[in-house]
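Report on the following structure.
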Amino acid sequence: MPIVRSNFGERVPDKQQRTAAQLKQEQVKLGKQLQRAEAEHGGKNLTQLAEEAHKAKMLLDKASADIHTVQQTSVKEKEAFTERSKFLTKEAKTKGKQAASDFNARLSRKGHAGSLDFDHGAETLSLSVTRNSSDQQSSSTTDARNLSGGERSFTTLAFELAMWEFCATPFRVLDEFDVFMDDTYRKQAVDTLMELCDTQPHRQFLFITPQDMHPFLAKRKGSMPQITKMRDVRPE
């Protein structure tokens, strides 16, 4: 009947041909089972559990997508790190060779020879200096204490200028670069510094020395540096 159908839905055929009493007994039994199942799940019915399962599935899918993104990012970061590590190793070796070449070239202006040994793994640096590079019998030293004062100062200057190439700073300063140098070494040091200034006009250099630089700049062909002389210190 339409009213029954609207209230209870379509007729469901019972293959077991149970009576109304048997169906009511089965209904009571299933109701108790449903109550026990809901009690085991926090008193939530099937609809509520389905909603929670749906929300949990959405969170799981989002977390899985995030994990996949992190894993992909990790792979790319490792690849980038490997490339950067290779580039750093290559650049370190190249810069080390460049610094060693510059160091030897500047020492050769005084007839000396020198080498720089970079151990990038141990993060150490050692240098050796040969006083007279044209003398095959001349021995080299790795101890600065075996050099004279002028030799040690000029070697230090050559080393500093070689290492400067690693620093892209707009200002460069040397304090008392000519300490312990005689006039021969001092003249060579000043010429070296002035040539450096001429080749790097985009940088500003500041050299501090207690010596009078005018005699060493008198025959300079390039632009003259600005010389600022401080007043002599007077006792109070």
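Following the order of the structure tokens, chains are lettered A, B, ..., residues in each are numbered from 1, and ligands are numbered from 1.
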
query: Could you pull out all residues of range 8-228 of chain A with a DSSP call of alpha helix (DSSP H) and give them as a ChimeraX atom specification?
result: /A:8,20-40,46-108,149-164,183-199,214-217

Phe205 in chain A environment, 7 Å, only C-alpha atoms, sequence neighbours closer than 4 positions dropped, as a ChimeraX atom specification: /A:171-173

Writer output for current selection, N, CA and C atoms, as a PDB file, in the first residue's frame:
```pdb
ATOM      1  N   PHE A 171      87.198  47.169   0.579  1.00  0.00           N
ATOM      2  CA  PHE A 171      88.287  47.829   1.300  1.00  0.00           C
ATOM      3  C   PHE A 171      89.347  46.804   1.673  1.00  0.00           C
ATOM      4  N   ARG A 172      90.603  47.229   1.573  1.00  0.00           N
ATOM      5  CA  ARG A 172      91.703  46.361   1.973  1.00  0.00           C
ATOM      6  C   ARG A 172      92.739  47.205   2.721  1.00  0.00           C
ATOM      7  N   VAL A 173      93.188  46.692   3.852  1.00  0.00           N
ATOM      8  CA  VAL A 173      94.048  47.467   4.745  1.00  0.00           C
ATOM      9  C   VAL A 173      95.259  46.634   5.140  1.00  0.00           C
TER      10      VAL A 173
END
```

task: May I have the residues within 10 Å of Ala99 in chain A as a list in words, using only C-alpha atoms and disregarding those fewer than 6 positions away in the same chain?
output: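 Everything that qualifies: Lys93, Ala105, Ser115, Leu116, Asp117, Phe118, Ala158, Phe159, Glu160, Leu161, Ala162, Met163, Trp164, Glu165 and Phe166 of chain A.
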
task: Could you tell me, as a ChimeraX atom specification, which residues of range 80-211 of chain A DSSP assigns to strand (DSSP E) when given the backbone?
output: /A:113-119,124-130,140-141,171-175,204-208

- prompt: So how many Å separate CA of Leu46 in chain A and CA of Leu30 in chain A, to one decimal?
  reply: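 Pair CA of Leu46 in chain A / CA of Leu30 in chain A returns 13.9 Å.
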
- prompt: In Å to one decimal, how far is CA of Phe154 in chain A from CA of Leu206 in chain A?
  reply: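 About the pair CA of Leu206 in chain A and CA of Phe154 in chain A: they are 17.6 Å apart.
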